[in-house]
Amino acid sequence: MPHDPSFQIAADGLSDTIQLLAKACDSDAFEAALKTVPSALPHQGQSESTALPLLADLVLGGAKQLDAALSFAHMDPPTPWLTWAMTLWNARLNQNLLHPATAPAARIVEERVVAWLAPYFGMSGGHMVPSSTVANLTALWAARDVKGVTEVAAPDTAHVSIPKAAKLLGLRYRPLPTDREGRLLPGGATHFEQSCLVLVAGATSTGVIDPLSLAGKAAWTHVDAAWAGPLRLSNAHAPKLEGIERADSVAVSAHKWLFQPKESALIFFKDTQAAHEALSFGGAYLAVPNVGLLGSHGAMAVPLFAMLLAWGQEGYAERIDRCMAVAAQFAAFVENEPKLELLAAPETGVIVWRPRHIELDAFSSRLPNGLASRTIVAGEPWLRCVAANPVVDIDAVIEAVRLAL
């Protein structure tokens, strides 16, 4: 048997890798490393140990830390260290759930994760996908083939993945009117006999929740709960999503408020058997049916399984509640500061705000990087903060905003 050290456990290299994880963003080191990267594929490579410092400057030094004290701008959370360990193990094993003989544990883990989480949404089961874009496409595909829907009706503020999925599936797309905050207006939501009605639980720009009382009023109801879905794990905030259990399908991004590494999401179904039958394909080379859009399917459930096991429902609830609390604290600061304007009280940890009588670009340029992002609401520019970081220093955030005024 040939000996190739690249496929062996390199204790020193892995130890150095862990030590380098603490490397902070360094733009100078990143730029210097970038200049050394050849424009064409090298004819002769360098050793793994030689490449590691360069890779650290590129990958670690050139990235922003999502657990930074002022990281408050996006729906991208920091990830717990246990997910790093599980991702490393996944890379070592390279499991493919299409092949039960080589990935029995990975298949069982995904089944258990889905079984644990589906009941929180009133669903019977489902499967994991890389993102809510894929989850939304999968749901609309099931709606078309199970219920024969001919159109997708969604709020005009729905995520771009919804009209994209409708186009890919050959379904007519009907945007529905929303209020100033981007929430679906119930009065404009009618005539769904042949429709898949999409309701959004946590709009991307504002975090608002569409009236879930409309769930079940169409041939198929899909709830895009990519952002706000995990609120169902919080006893304090689960009622915000009351009515979601009447949907036919629900999409949740695990790489948002379930604190998972990308790419990780779930699609849940009320009638999983019917949905999965519509989404299943076979092949002479397959031991089991291939369900859903993906072919090869990695063990993406393993890091989520690890965190659900380590934190439990209470651990997740505590961190989500903490995020919601800092969002409320920041919103209260904005509301009480005469020089600032708040769009509305945050519903799901997304705060939309801006300065009064100060040019937005100039003000934004004075804010620390990572504190706020830009968005457009009802045609007007706003700043947006997202409580995705459970270790954000909200007092430091508020002080930084005060200094920028």
# chains A, B, ... in the order shown; residues from 1 in each chain; ligands from 1
>>> residues_around(residues="Tyr173 of chain A", least_positions_apart="4", cutoff="10 Å", atoms="only C-alpha atoms", output="PyMOL selection string")
chain A and resi 150-154+162-167+195-196
>>> residues_around(residues="His237 of chain A", least_positions_apart="2", cutoff="10 Å", atoms="only C-alpha atoms", output="ChimeraX atom specification")
/A:228,230-235,239-242,317,320-321,324,347-348
>>> closest_residue(among="A:Leu308, A:Ile267, A:Leu403, A:Leu93", to="Met123 of chain A", atoms="only C-alpha atoms")
A:Ile267
>>> closest_atom_pairs(of="segment 153-209 of chain A", to="segment 369-382 of chain A", cutoff="9 Å", atoms="only C-alpha atoms", output="CSV")
residue,atom,partner,partner_atom,distance
A:Asp179,CA,A:Ala378,CA,8.6
A:Arg180,CA,A:Ala378,CA,5.9
A:Glu181,CA,A:Val377,CA,6.9
A:Gly182,CA,A:Val377,CA,7.5
A:Ser205,CA,A:Thr375,CA,6.3
A:Thr206,CA,A:Val377,CA,8.0
>>> closest_residue(among="A:Ala404, A:Leu309, A:Ala115, A:Ala218", to="Val149 of chain A", atoms="only C-alpha atoms")
A:Ala218
>>> residues_around(residues="Pro261 of chain A", least_positions_apart="4", cutoff="10 Å", atoms="only C-alpha atoms", output="list in words")
Asp76, Pro77, Pro78, Thr79, Pro80, Thr83, Trp84, Thr87, Ala254, His255, Lys256, Met300, Pro303 and Leu304 of chain A
>>> write_last_selection(atoms="C-alpha atoms", output="PDB file, in the first residue's frame")
ATOM      1  CA  ASP A  76     -24.421  35.874   9.712  1.00  0.00           C
ATOM      2  CA  PRO A  77     -23.734  34.615  13.252  1.00  0.00           C
ATOM      3  CA  PRO A  78     -20.540  33.470  14.916  1.00  0.00           C
ATOM      4  CA  THR A  79     -20.255  29.704  15.248  1.00  0.00           C
ATOM      5  CA  PRO A  80     -19.576  27.736  18.461  1.00  0.00           C
ATOM      6  CA  THR A  83     -19.158  23.143  15.156  1.00  0.00           C
ATOM      7  CA  TRP A  84     -15.537  23.746  14.104  1.00  0.00           C
ATOM      8  CA  THR A  87     -16.694  20.343  10.468  1.00  0.00           C
ATOM      9  CA  ALA A 254     -29.523  26.791  10.313  1.00  0.00           C
ATOM     10  CA  HIS A 255     -26.599  29.059   9.414  1.00  0.00           C
ATOM     11  CA  LYS A 256     -28.489  32.013  10.803  1.00  0.00           C
ATOM     12  CA  MET A 300     -24.136  18.819   7.127  1.00  0.00           C
ATOM     13  CA  PRO A 303     -22.488  20.160  13.501  1.00  0.00           C
ATOM     14  CA  LEU A 304     -26.168  20.977  14.109  1.00  0.00           C
TER      15      LEU A 304
END
>>> select_by_dssp(residues="segment 305-350 of chain A", states="helix (DSSP H, G or I)", output="count of residues only")
32
>>> closest_residue(among="A:Gln329, A:Leu54, A:Val288, A:Ala344", to="Lys35 of chain A", atoms="only C-alpha atoms")
A:Leu54
>>> closest_residue(among="A:Ala247, A:Leu140, A:Leu294, A:Cys323", to="Leu212 of chain A", atoms="only C-alpha atoms")
A:Ala247
>>> select_by_dssp(residues="segment 263-395 of chain A", states="strand (DSSP E)", output="ChimeraX atom specification")
/A:265-269,280-281,290-291,340-342,350-355,373-377,380-386
